[in-house]
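Engineer: protein_18.cif is the file, holding mmCIF, C-alpha atoms and all ligand atoms:
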data_protein
loop_
_atom_site.label_atom_id
_atom_site.label_comp_id
_atom_site.auth_asym_id
_atom_site.auth_seq_id
_atom_site.Cartn_x
_atom_site.Cartn_y
_atom_site.Cartn_z
CA MET A 181 -21.63 9.03 16.50
CA LYS A 182 -21.85 5.92 18.70
CA ILE A 183 -20.83 2.62 17.14
CA ALA A 184 -23.93 0.47 16.58
CA SER A 185 -22.42 -2.46 14.67
CA VAL A 186 -19.20 -3.78 13.14
CA GLU A 187 -19.62 -6.17 10.22
CA PRO A 188 -16.67 -7.81 8.47
CA PHE A 189 -16.62 -8.57 4.75
CA ILE A 190 -14.39 -10.32 2.20
CA LEU A 191 -14.17 -9.43 -1.51
CA HIS A 192 -12.06 -11.33 -4.03
CA LEU A 193 -11.62 -9.06 -7.05
CA PRO A 194 -10.13 -10.21 -10.37
CA LEU A 195 -6.92 -8.51 -11.53
CA THR A 196 -6.47 -6.59 -14.79
CA ALA A 197 -4.43 -9.52 -16.16
CA GLU A 198 -5.48 -13.16 -15.77
CA SER A 199 -2.67 -13.59 -13.27
CA ILE A 200 0.51 -11.76 -12.28
CA ALA A 201 3.68 -12.72 -10.46
CA ASP A 202 6.54 -11.05 -8.67
CA SER A 203 9.60 -12.79 -7.24
CA THR A 204 7.64 -14.39 -4.40
CA HIS A 205 4.08 -15.13 -5.48
CA SER A 206 1.56 -15.47 -8.28
CA ILE A 207 -2.06 -14.33 -7.87
CA THR A 208 -5.28 -14.08 -9.87
CA HIS A 209 -7.38 -11.94 -7.47
CA TRP A 210 -6.86 -9.21 -4.89
CA GLY A 211 -8.47 -9.68 -1.50
CA VAL A 212 -10.31 -6.72 0.00
CA VAL A 213 -10.93 -7.79 3.59
CA GLY A 214 -12.46 -5.33 5.96
CA ALA A 215 -15.17 -3.94 8.16
CA LYS A 216 -18.29 -1.85 7.82
CA ILE A 217 -18.91 0.19 10.96
CA ALA A 218 -22.42 1.62 11.37
CA THR A 219 -23.18 4.41 13.83
CA THR A 220 -26.32 5.36 15.73
CA ASP A 221 -26.67 8.53 13.63
CA GLY A 222 -26.97 6.51 10.43
CA LEU A 223 -23.45 6.73 8.97
CA GLU A 224 -21.50 3.79 7.55
CA GLY A 225 -17.70 3.71 7.50
CA TYR A 226 -15.65 1.24 5.50
CA GLY A 227 -12.06 0.15 5.97
CA PHE A 228 -10.10 -2.76 4.59
CA THR A 229 -6.74 -4.41 4.29
CA GLY A 230 -5.35 -6.06 1.14
CA THR A 231 -4.59 -9.78 0.72
CA HIS A 232 -3.77 -12.46 -1.83
CA ALA A 233 -7.43 -13.52 -1.83
CA HIS A 234 -6.64 -16.65 0.16
CA LEU A 235 -9.96 -17.41 1.80
CA PRO A 236 -8.73 -19.37 4.87
CA SER A 237 -6.38 -16.57 5.98
CA ASP A 238 -8.90 -13.87 5.00
CA ARG A 239 -11.34 -15.54 7.37
CA LEU A 240 -8.81 -15.29 10.22
CA ILE A 241 -8.84 -11.52 9.70
CA THR A 242 -12.64 -11.28 9.63
CA ALA A 243 -12.89 -13.54 12.70
CA CYS A 244 -10.54 -11.19 14.53
CA ILE A 245 -12.71 -8.21 13.51
CA ARG A 246 -15.97 -9.94 14.45
CA ASP A 247 -14.96 -11.84 17.60
CA CYS A 248 -12.12 -9.77 19.10
CA TYR A 249 -12.52 -6.13 18.05
CA ALA A 250 -16.26 -5.66 17.50
CA PRO A 251 -17.15 -6.31 21.19
CA LEU A 252 -14.53 -3.73 22.24
CA LEU A 253 -16.05 -1.11 19.92
CA SER A 254 -19.73 -1.55 20.70
CA GLY A 255 -21.26 1.69 22.05
CA GLU A 256 -18.00 3.66 21.71
CA ASP A 257 -17.83 7.11 20.11
CA ALA A 258 -16.51 6.52 16.59
CA ALA A 259 -14.81 9.93 16.61
CA ASP A 260 -12.34 8.81 19.29
CA HIS A 261 -9.99 7.15 16.83
CA GLN A 262 -6.83 7.70 18.90
CA ARG A 263 -8.23 6.21 22.11
CA LEU A 264 -9.93 3.37 20.24
CA TRP A 265 -6.68 2.56 18.39
CA THR A 266 -4.88 2.19 21.70
CA LYS A 267 -7.76 0.22 23.22
CA LEU A 268 -7.56 -2.33 20.40
CA ALA A 269 -3.82 -2.38 19.71
CA ARG A 270 -2.82 -2.54 23.38
CA HIS A 271 -5.57 -4.88 24.57
CA PRO A 272 -3.53 -7.23 26.79
CA ALA A 273 -4.95 -10.52 25.49
CA LEU A 274 -4.74 -9.42 21.83
CA GLN A 275 -1.27 -7.89 21.88
CA TRP A 276 -0.15 -11.08 23.64
CA VAL A 277 -1.03 -13.11 20.55
CA GLY A 278 -0.10 -10.58 17.90
CA ARG A 279 1.50 -7.15 17.61
CA ALA A 280 1.76 -7.92 13.88
CA GLY A 281 0.07 -10.20 11.37
CA ILE A 282 -3.64 -11.03 11.53
CA THR A 283 -4.46 -8.80 14.51
CA HIS A 284 -2.72 -5.82 12.93
CA LEU A 285 -4.33 -6.27 9.51
CA ALA A 286 -7.72 -6.40 11.26
CA LEU A 287 -6.81 -3.30 13.25
CA ALA A 288 -5.90 -1.52 10.01
CA ALA A 289 -9.36 -2.21 8.58
CA ILE A 290 -11.08 -0.91 11.73
CA ASP A 291 -8.94 2.23 11.96
CA VAL A 292 -9.49 3.14 8.31
CA ALA A 293 -13.26 2.68 8.78
CA LEU A 294 -13.18 5.05 11.77
CA TRP A 295 -11.35 7.69 9.71
CA ASP A 296 -13.84 7.17 6.87
CA LEU A 297 -16.63 7.86 9.37
CA LYS A 298 -14.85 10.92 10.72
CA ALA A 299 -14.52 12.45 7.24
CA LYS A 300 -18.10 11.50 6.29
CA LYS A 301 -19.39 13.08 9.49
CA ALA A 302 -17.50 16.27 8.60
CA GLY A 303 -18.88 16.06 5.05
CA VAL A 304 -15.44 16.37 3.46
CA PRO A 305 -12.89 14.10 1.75
CA LEU A 306 -10.28 12.65 4.11
CA TRP A 307 -7.43 14.86 2.84
CA SER A 308 -9.47 17.92 3.79
CA CYS A 309 -10.42 16.46 7.18
CA LEU A 310 -6.71 15.89 7.88
CA GLY A 311 -5.75 19.49 7.21
CA GLY A 312 -6.00 20.25 3.49
CA ALA A 313 -4.04 19.49 0.36
CA ARG A 314 -0.31 20.23 0.06
CA THR A 315 -0.50 20.22 -3.75
CA ASP A 316 -2.97 20.08 -6.62
CA ARG A 317 -0.82 17.69 -8.61
CA LEU A 318 -0.01 14.24 -7.19
CA GLU A 319 2.07 12.28 -9.66
CA ALA A 320 1.46 8.54 -10.15
CA TYR A 321 3.85 5.77 -11.02
CA ASN A 322 2.61 2.68 -12.83
CA THR A 323 3.41 -0.74 -11.34
CA ASP A 324 0.88 -2.74 -13.36
CA ILE A 325 3.10 -2.80 -16.48
CA GLY A 326 6.11 -4.32 -14.77
CA TRP A 327 5.30 -7.79 -13.40
CA LEU A 328 7.99 -10.45 -13.34
CA SER A 329 5.67 -12.86 -15.15
CA PHE A 330 5.54 -10.62 -18.25
CA SER A 331 7.82 -11.53 -21.16
CA THR A 332 10.47 -8.94 -21.99
CA ASP A 333 8.52 -8.01 -25.14
CA ASP A 334 5.31 -7.47 -23.14
CA LEU A 335 7.22 -5.56 -20.48
CA VAL A 336 8.73 -3.21 -23.07
CA ALA A 337 5.43 -2.77 -24.93
CA GLY A 338 3.50 -2.10 -21.70
CA SER A 339 6.10 0.39 -20.51
CA ALA A 340 5.99 2.25 -23.84
CA ARG A 341 2.18 2.30 -23.77
CA ALA A 342 2.14 3.68 -20.22
CA VAL A 343 4.51 6.46 -21.17
CA GLU A 344 3.36 7.34 -24.69
CA GLU A 345 -0.40 6.74 -24.47
CA ASP A 346 -1.23 7.15 -20.77
CA GLY A 347 1.18 9.95 -19.88
CA PHE A 348 3.13 8.30 -17.08
CA THR A 349 6.66 9.61 -16.55
CA ARG A 350 7.38 7.01 -13.86
CA ILE A 351 7.11 3.23 -13.91
CA LYS A 352 8.14 0.36 -11.64
CA ILE A 353 9.50 -2.98 -12.79
CA LYS A 354 9.76 -6.19 -10.81
CA VAL A 355 13.12 -7.96 -10.56
CA GLY A 356 14.22 -11.16 -8.83
CA HIS A 357 15.15 -13.89 -11.31
CA ASP A 358 17.52 -16.59 -10.06
CA ASP A 359 19.98 -15.15 -12.57
CA PRO A 360 19.99 -11.35 -12.02
CA THR A 361 21.61 -10.75 -15.41
CA ILE A 362 18.16 -11.56 -16.86
CA ASP A 363 16.73 -8.64 -14.89
CA VAL A 364 19.51 -6.34 -16.05
CA ALA A 365 18.76 -7.28 -19.68
CA ARG A 366 15.02 -6.63 -19.20
CA LEU A 367 15.73 -3.24 -17.67
CA GLU A 368 18.15 -2.34 -20.47
CA ALA A 369 15.45 -3.17 -23.03
CA VAL A 370 12.91 -0.95 -21.24
CA ARG A 371 15.39 1.89 -20.83
CA ARG A 372 16.28 1.75 -24.54
CA ARG A 373 12.59 1.89 -25.47
CA VAL A 374 11.30 4.61 -23.12
CA GLY A 375 14.39 6.83 -23.13
CA SER A 376 16.35 8.55 -20.41
CA ALA A 377 13.65 10.93 -19.17
CA VAL A 378 11.37 8.25 -17.68
CA ARG A 379 12.01 7.37 -14.06
CA ILE A 380 12.30 3.62 -13.58
CA ALA A 381 12.05 2.13 -10.09
CA ILE A 382 12.58 -1.59 -9.48
CA ASP A 383 11.16 -3.98 -6.87
CA GLY A 384 12.75 -7.25 -5.71
CA ASN A 385 10.09 -8.24 -3.14
CA GLY A 386 12.81 -9.42 -0.78
CA ARG A 387 14.02 -12.31 -2.88
CA TRP A 388 17.80 -11.82 -3.15
CA ASP A 389 20.60 -11.91 -0.59
CA LEU A 390 23.16 -9.16 -0.03
CA PRO A 391 25.89 -10.37 -2.43
CA THR A 392 23.33 -10.95 -5.21
CA CYS A 393 21.94 -7.44 -4.67
CA GLN A 394 25.43 -5.95 -4.74
CA ARG A 395 26.36 -7.77 -7.96
CA PHE A 396 23.05 -6.72 -9.54
CA CYS A 397 23.49 -3.07 -8.50
CA ALA A 398 27.00 -2.97 -9.97
CA ARG A 399 25.70 -4.27 -13.32
CA ALA A 400 22.66 -1.94 -13.28
CA ALA A 401 24.71 1.14 -12.36
CA GLY A 402 24.29 2.80 -15.76
CA LEU A 403 20.51 2.42 -15.95
CA ASP A 404 19.58 5.36 -13.71
CA ILE A 405 17.40 3.30 -11.36
CA TYR A 406 15.17 5.61 -9.32
CA TRP A 407 14.98 3.24 -6.34
CA PHE A 408 15.53 -0.43 -5.51
CA GLU A 409 12.53 -1.60 -3.48
CA GLU A 410 12.74 -4.48 -0.98
CA PRO A 411 16.07 -5.79 -2.21
CA MET A 412 16.33 -8.31 0.66
CA TRP A 413 14.32 -10.07 3.34
CA TYR A 414 11.90 -7.58 4.86
CA ASP A 415 13.29 -7.53 8.41
CA ASP A 416 17.01 -7.47 7.54
CA ILE A 417 18.07 -4.06 8.85
CA ALA A 418 21.83 -4.71 8.77
CA GLY A 419 21.69 -6.12 5.23
CA HIS A 420 19.80 -3.14 3.84
CA ALA A 421 22.14 -0.74 5.64
CA ALA A 422 25.14 -2.53 4.10
CA LEU A 423 23.58 -2.38 0.62
CA ALA A 424 22.72 1.30 1.03
CA ARG A 425 26.37 2.01 1.86
CA SER A 426 27.64 0.05 -1.15
CA THR A 427 25.48 1.38 -4.02
CA PRO A 428 24.31 4.80 -5.19
CA ILE A 429 20.88 3.28 -6.05
CA PRO A 430 18.50 4.45 -3.27
CA VAL A 431 16.85 1.73 -1.16
CA ALA A 432 13.06 1.79 -0.72
CA LEU A 433 11.12 -0.39 1.75
CA GLY A 434 8.34 -0.56 4.29
CA GLU A 435 5.40 -2.42 2.74
CA GLN A 436 6.02 -5.44 4.99
CA LEU A 437 6.62 -3.46 8.20
CA TYR A 438 3.89 -3.52 10.83
CA SER A 439 4.87 -0.75 13.23
CA VAL A 440 6.37 2.69 13.61
CA ASP A 441 9.06 1.00 15.73
CA ALA A 442 10.18 -1.09 12.74
CA PHE A 443 10.44 2.02 10.55
CA ARG A 444 12.39 3.80 13.28
CA ALA A 445 14.96 0.98 13.35
CA PHE A 446 15.49 1.01 9.56
CA ILE A 447 15.76 4.81 9.46
CA ALA A 448 18.17 4.90 12.42
CA ALA A 449 20.42 2.38 10.65
CA GLY A 450 20.51 4.42 7.43
CA ALA A 451 18.92 1.43 5.69
CA VAL A 452 16.16 3.24 3.77
CA ALA A 453 15.99 6.30 1.50
CA TYR A 454 12.36 6.08 0.30
CA VAL A 455 9.92 5.27 3.12
CA GLN A 456 6.98 3.07 2.06
CA PRO A 457 4.31 2.78 4.76
CA ASP A 458 0.97 1.13 4.01
CA VAL A 459 -2.24 1.80 5.94
CA THR A 460 -3.32 -1.79 5.32
CA ARG A 461 -0.34 -3.32 7.15
CA LEU A 462 0.37 -0.65 9.74
CA GLY A 463 -2.50 -0.20 12.17
CA GLY A 464 -4.38 1.97 9.69
CA ILE A 465 -4.21 5.72 9.11
CA THR A 466 -3.44 6.48 12.76
CA GLU A 467 -0.12 4.61 12.68
CA TYR A 468 0.62 5.65 9.08
CA ILE A 469 0.65 9.28 10.21
CA GLN A 470 3.23 8.43 12.89
CA VAL A 471 5.49 6.85 10.25
CA ALA A 472 5.04 9.71 7.80
CA ASP A 473 5.87 12.21 10.57
CA LEU A 474 8.96 10.14 11.44
CA ALA A 475 10.07 10.26 7.81
CA LEU A 476 9.42 14.00 7.69
CA ALA A 477 11.57 14.53 10.78
CA HIS A 478 14.41 12.72 8.98
CA ARG A 479 13.78 14.58 5.69
CA LEU A 480 13.05 11.29 3.93
CA PRO A 481 10.44 11.10 1.13
CA VAL A 482 7.31 8.98 1.69
CA VAL A 483 6.04 6.84 -1.20
CA PRO A 484 3.26 4.59 0.16
CA HIS A 485 2.79 0.99 -0.88
CA ALA A 486 -0.68 0.52 -2.34
CA GLY A 487 -2.13 -2.42 -0.42
CA GLU A 488 -5.50 -0.65 -0.83
CA MET A 489 -4.73 0.20 -4.46
CA SER A 490 -4.26 3.85 -3.41
CA GLN A 491 -7.91 4.43 -2.43
CA VAL A 492 -6.77 5.83 0.94
CA HIS A 493 -3.17 6.75 0.15
CA VAL A 494 -4.36 9.21 -2.48
CA HIS A 495 -5.85 11.26 0.38
CA LEU A 496 -2.77 10.87 2.58
CA SER A 497 -0.42 11.75 -0.28
CA TYR A 498 -2.37 14.86 -1.21
CA TRP A 499 -2.14 15.92 2.43
CA HIS A 500 1.02 14.82 4.26
CA PRO A 501 4.02 17.09 3.62
CA ALA A 502 6.54 14.20 3.40
CA SER A 503 4.60 12.68 0.48
CA THR A 504 6.06 12.69 -3.02
CA ILE A 505 4.59 10.32 -5.62
CA LEU A 506 2.09 7.46 -5.38
CA GLU A 507 1.77 3.93 -6.73
CA TYR A 508 -0.96 3.14 -9.28
CA ILE A 509 -2.34 -0.38 -9.76
CA PRO A 510 -5.90 -0.31 -11.19
CA TRP A 511 -7.09 -3.67 -9.83
CA ILE A 512 -10.08 -2.55 -7.79
CA LYS A 513 -11.12 0.62 -9.58
CA ASP A 514 -14.43 -0.80 -10.84
CA HIS A 515 -15.69 -1.64 -7.37
CA PHE A 516 -15.75 1.62 -5.38
CA HIS A 517 -17.94 4.71 -5.28
CA GLU A 518 -14.94 6.97 -5.85
CA PRO A 519 -12.13 4.88 -7.36
CA ALA A 520 -8.55 6.14 -7.49
CA GLN A 521 -8.15 7.58 -10.98
CA VAL A 522 -5.11 8.70 -12.92
CA GLU A 523 -5.15 10.90 -15.99
CA GLY A 524 -2.02 12.01 -17.79
CA GLY A 525 0.03 10.50 -14.96
CA ILE A 526 -1.72 12.61 -12.27
CA PHE A 527 -4.08 11.31 -9.59
CA HIS A 528 -7.52 12.90 -9.41
CA ARG A 529 -8.03 14.48 -6.02
CA PRO A 530 -11.03 12.78 -4.37
CA GLU A 531 -13.98 15.05 -3.72
CA GLN A 532 -16.60 12.85 -2.03
CA PRO A 533 -16.87 12.82 1.79
CA GLY A 534 -14.90 10.02 3.43
CA ALA A 535 -11.78 7.98 2.68
CA SER A 536 -12.90 6.55 -0.71
CA THR A 537 -13.32 3.13 0.89
CA THR A 538 -17.03 2.50 0.23
CA PRO A 539 -17.45 -0.51 -2.08
CA LEU A 540 -20.28 -0.66 -4.62
CA ALA A 541 -23.25 -2.73 -3.47
CA ASP A 542 -23.08 -4.71 -6.74
CA SER A 543 -19.45 -5.62 -6.11
CA LEU A 544 -20.21 -6.69 -2.55
CA ALA A 545 -22.99 -8.93 -3.85
CA ARG A 546 -21.05 -10.35 -6.80
CA TYR A 547 -17.56 -10.80 -5.33
CA GLY A 548 -18.37 -11.16 -1.63
CA GLN A 549 -17.13 -14.36 0.02
CA SER A 550 -18.67 -16.35 2.83
CA LEU A 551 -17.10 -15.54 6.22
CA GLY A 552 -17.25 -19.23 7.11
MG MG B 601 6.73 -3.62 -3.51
#
With the file now loaded, output its structure as structure tokens.
Structural biologist:
Amino acid sequence: MKIASVEPFILHLPLTAESIADSTHSITHWGVVGAKIATTDGLEGYGFTGTHAHLPSDRLITACIRDCYAPLLSGEDAADHQRLWTKLARHPALQWVGRAGITHLALAAIDVALWDLKAKKAGVPLWSCLGGARTDRLEAYNTDIGWLSFSTDDLVAGSARAVEEDGFTRIKIKVGHDDPTIDVARLEAVRRRVGSAVRIAIDGNGRWDLPTCQRFCARAAGLDIYWFEEPMWYDDIAGHAALARSTPIPVALGEQLYSVDAFRAFIAAGAVAYVQPDVTRLGGITEYIQVADLALAHRLPVVPHAGEMSQVHVHLSYWHPASTILEYIPWIKDHFHEPAQVEGGIFHRPEQPGASTTPLADSLARYGQSLG
């Protein structure tokens, strides 16, 4: 299974709504930026990271794949994912310019493609290749009903629809208004409508400071919030530890962390209760497993962030013993051979060989962007 070629690609896929916003950004498309790795025995592996579909920065990622990583992979055995990960991540010139950011997002795409190849070569879905399923019932939570840009009426209606028509028992709602009492009122309206049995998580996307978070948590104390995701700036370990000590609402974070070392620091500080690694920001599946094992060793639940819209995390969550539930955002489901699917609030377990990362040829043709 020698590597014959590495070809980057960029897809800009339209969202389910015309546009959505959280507390930090507004977008109309999701960027699927990755690599196709072909082997001498005729297999093709796909891996990708997720972006805001911002073409100039997407092209930095594909340039890194094409110009920096592809020459290091040429002729290598694609099965050697661990050695190849280290070869790329610890390459002196590349780690000098980036142990995070562009180089790591590109590394994520490569690593996922290598795992896709490994599972395809074995003729089994990734979860099976990793060691088999821990459960036959992976519960989903719906994020796509809870954007900050939705009016309170739309938020309440969407939440009710997700619960009553689609069978979700868990939803996530964005918070982060300048005036947090607006967020409390929105959450009260949803809680009144969906009842006490539905689990409601919230996500601040790092917008507020510590005193704002503490005031918000005091006001939201009676709403039975399942977790408060990214309350503060992503790298603020001391702030999250202080918040965790001051509120019974569990803190969730990790989608903006690039390394197992960053997760170790947050866990050591008692700053996180729900651990949220993402294969698209960590260096792929290889580093995700290290983070999930770290969480397991601390008896902390893992709830991945879906930068790949759960195409890969559905495998990892069916397999890794620290996994609990998984995020569902159906933005890219029409563009893959085996899209992540939820029915009655439960994720289908993938059955095709690979990591569910192979895009449809039609989608590549229609939504593919020039690499520049
Ligand atoms: Mg989030």
Engineer: Counting only C-alpha atoms, figure out which residue out of A:Asp404, A:Asp416, A:Glu187, A:Glu435 gets nearest to A:Pro251.
Structural biologist: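 Residue with the minimum atom-to-atom distance to A:Pro251: A:Glu187.
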Engineer: Any idea what's packed within 10 Å of A:Leu195, counting all atoms listed in the file, ignoring anything in its chain fewer than 4 positions away? Could you give it as number ranges by chain?
Structural biologist: A: 199-200, 207-210, 324, 509-512
Engineer: Can I get the residues of chain A within 10 Å of ligand MG 601 (chain B), each with the closest pair of atoms and their distance in Å to one decimal, using only C-alpha atoms and all ligand atoms, sorted chain first then ascending number, as a tab-separated table?
Structural biologist:
residue	atom	partner	partner_atom	distance
A:Asp202	CA	B:MG601	MG	9.0
A:Thr323	CA	B:MG601	MG	9.0
A:Lys352	CA	B:MG601	MG	9.2
A:Ile353	CA	B:MG601	MG	9.7
A:Lys354	CA	B:MG601	MG	8.3
A:Ile382	CA	B:MG601	MG	8.6
A:Asp383	CA	B:MG601	MG	5.6
A:Gly384	CA	B:MG601	MG	7.4
A:Asn385	CA	B:MG601	MG	5.7
A:Gly386	CA	B:MG601	MG	8.8
A:Phe408	CA	B:MG601	MG	9.6
A:Glu409	CA	B:MG601	MG	6.1
A:Glu410	CA	B:MG601	MG	6.6
A:Pro411	CA	B:MG601	MG	9.7
A:Ala432	CA	B:MG601	MG	8.8
A:Leu433	CA	B:MG601	MG	7.6
A:Gly434	CA	B:MG601	MG	8.5
A:Glu435	CA	B:MG601	MG	6.5
A:Gln436	CA	B:MG601	MG	8.7
A:Gln456	CA	B:MG601	MG	8.7
A:Pro484	CA	B:MG601	MG	9.6
A:His485	CA	B:MG601	MG	6.6
A:Ala486	CA	B:MG601	MG	8.6
A:Gly487	CA	B:MG601	MG	9.5
A:Glu507	CA	B:MG601	MG	9.6
Engineer: Counting only C-alpha atoms, which residue out of A:Leu328, A:Gln549, A:Trp276, A:Gly524 sits closest to A:His234?
Structural biologist: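 The shortest atom-to-atom distance to A:His234 comes from A:Gln549.
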Engineer: Hey, which of A:Gly255, A:Gly375, A:Gly211, A:Gly303 ends up closest to A:Leu223? Count all atoms listed in the file.
Structural biologist: A:Gly303
Engineer: Got a moment to write stretch 428-447 of chain A out with N, CA and C atoms, as a PDB file, in the first residue's frame?
Structural biologist:
ATOM      1  N   PRO A 428     -22.358  24.977  39.350  1.00  0.00           N
ATOM      2  CA  PRO A 428     -22.599  23.536  39.167  1.00  0.00           C
ATOM      3  C   PRO A 428     -22.791  23.144  37.703  1.00  0.00           C
ATOM      4  N   ILE A 429     -22.925  24.116  36.782  1.00  0.00           N
ATOM      5  CA  ILE A 429     -23.084  23.781  35.358  1.00  0.00           C
ATOM      6  C   ILE A 429     -21.743  23.255  34.831  1.00  0.00           C
ATOM      7  N   PRO A 430     -21.692  22.028  34.291  1.00  0.00           N
ATOM      8  CA  PRO A 430     -20.420  21.471  33.818  1.00  0.00           C
ATOM      9  C   PRO A 430     -19.857  22.257  32.625  1.00  0.00           C
ATOM     10  N   VAL A 431     -18.544  22.412  32.604  1.00  0.00           N
ATOM     11  CA  VAL A 431     -17.860  23.110  31.508  1.00  0.00           C
ATOM     12  C   VAL A 431     -17.442  22.085  30.448  1.00  0.00           C
ATOM     13  N   ALA A 432     -17.705  22.417  29.188  1.00  0.00           N
ATOM     14  CA  ALA A 432     -17.279  21.598  28.048  1.00  0.00           C
ATOM     15  C   ALA A 432     -16.361  22.439  27.167  1.00  0.00           C
ATOM     16  N   LEU A 433     -15.316  21.846  26.622  1.00  0.00           N
ATOM     17  CA  LEU A 433     -14.439  22.581  25.691  1.00  0.00           C
ATOM     18  C   LEU A 433     -13.483  21.626  24.991  1.00  0.00           C
ATOM     19  N   GLY A 434     -12.821  22.171  23.976  1.00  0.00           N
ATOM     20  CA  GLY A 434     -11.791  21.401  23.282  1.00  0.00           C
ATOM     21  C   GLY A 434     -11.783  21.587  21.767  1.00  0.00           C
ATOM     22  N   GLU A 435     -12.857  22.158  21.200  1.00  0.00           N
ATOM     23  CA  GLU A 435     -12.921  22.224  19.740  1.00  0.00           C
ATOM     24  C   GLU A 435     -11.866  23.139  19.149  1.00  0.00           C
ATOM     25  N   GLN A 436     -11.301  24.044  19.966  1.00  0.00           N
ATOM     26  CA  GLN A 436     -10.269  24.952  19.447  1.00  0.00           C
ATOM     27  C   GLN A 436      -8.863  24.540  19.874  1.00  0.00           C
ATOM     28  N   LEU A 437      -8.733  23.373  20.509  1.00  0.00           N
ATOM     29  CA  LEU A 437      -7.419  22.946  21.007  1.00  0.00           C
ATOM     30  C   LEU A 437      -6.733  22.056  19.976  1.00  0.00           C
ATOM     31  N   TYR A 438      -5.448  22.313  19.768  1.00  0.00           N
ATOM     32  CA  TYR A 438      -4.710  21.661  18.687  1.00  0.00           C
ATOM     33  C   TYR A 438      -3.889  20.455  19.118  1.00  0.00           C
ATOM     34  N   SER A 439      -3.750  20.217  20.422  1.00  0.00           N
ATOM     35  CA  SER A 439      -2.799  19.168  20.819  1.00  0.00           C
ATOM     36  C   SER A 439      -3.256  18.451  22.075  1.00  0.00           C
ATOM     37  N   VAL A 440      -2.728  17.259  22.255  1.00  0.00           N
ATOM     38  CA  VAL A 440      -2.996  16.498  23.475  1.00  0.00           C
ATOM     39  C   VAL A 440      -2.430  17.247  24.674  1.00  0.00           C
ATOM     40  N   ASP A 441      -1.357  18.010  24.464  1.00  0.00           N
ATOM     41  CA  ASP A 441      -0.759  18.781  25.566  1.00  0.00           C
ATOM     42  C   ASP A 441      -1.736  19.834  26.085  1.00  0.00           C
ATOM     43  N   ALA A 442      -2.474  20.480  25.169  1.00  0.00           N
ATOM     44  CA  ALA A 442      -3.443  21.498  25.586  1.00  0.00           C
ATOM     45  C   ALA A 442      -4.562  20.856  26.410  1.00  0.00           C
ATOM     46  N   PHE A 443      -5.043  19.702  25.967  1.00  0.00           N
ATOM     47  CA  PHE A 443      -6.084  19.000  26.734  1.00  0.00           C
ATOM     48  C   PHE A 443      -5.559  18.604  28.119  1.00  0.00           C
ATOM     49  N   ARG A 444      -4.308  18.152  28.156  1.00  0.00           N
ATOM     50  CA  ARG A 444      -3.735  17.735  29.442  1.00  0.00           C
ATOM     51  C   ARG A 444      -3.733  18.894  30.431  1.00  0.00           C
ATOM     52  N   ALA A 445      -3.402  20.098  29.932  1.00  0.00           N
ATOM     53  CA  ALA A 445      -3.334  21.269  30.817  1.00  0.00           C
ATOM     54  C   ALA A 445      -4.719  21.628  31.357  1.00  0.00           C
ATOM     55  N   PHE A 446      -5.748  21.606  30.510  1.00  0.00           N
ATOM     56  CA  PHE A 446      -7.108  21.917  30.973  1.00  0.00           C
ATOM     57  C   PHE A 446      -7.594  20.863  31.976  1.00  0.00           C
ATOM     58  N   ILE A 447      -7.326  19.599  31.680  1.00  0.00           N
ATOM     59  CA  ILE A 447      -7.789  18.528  32.577  1.00  0.00           C
ATOM     60  C   ILE A 447      -7.069  18.626  33.921  1.00  0.00           C
TER      61      ILE A 447
END
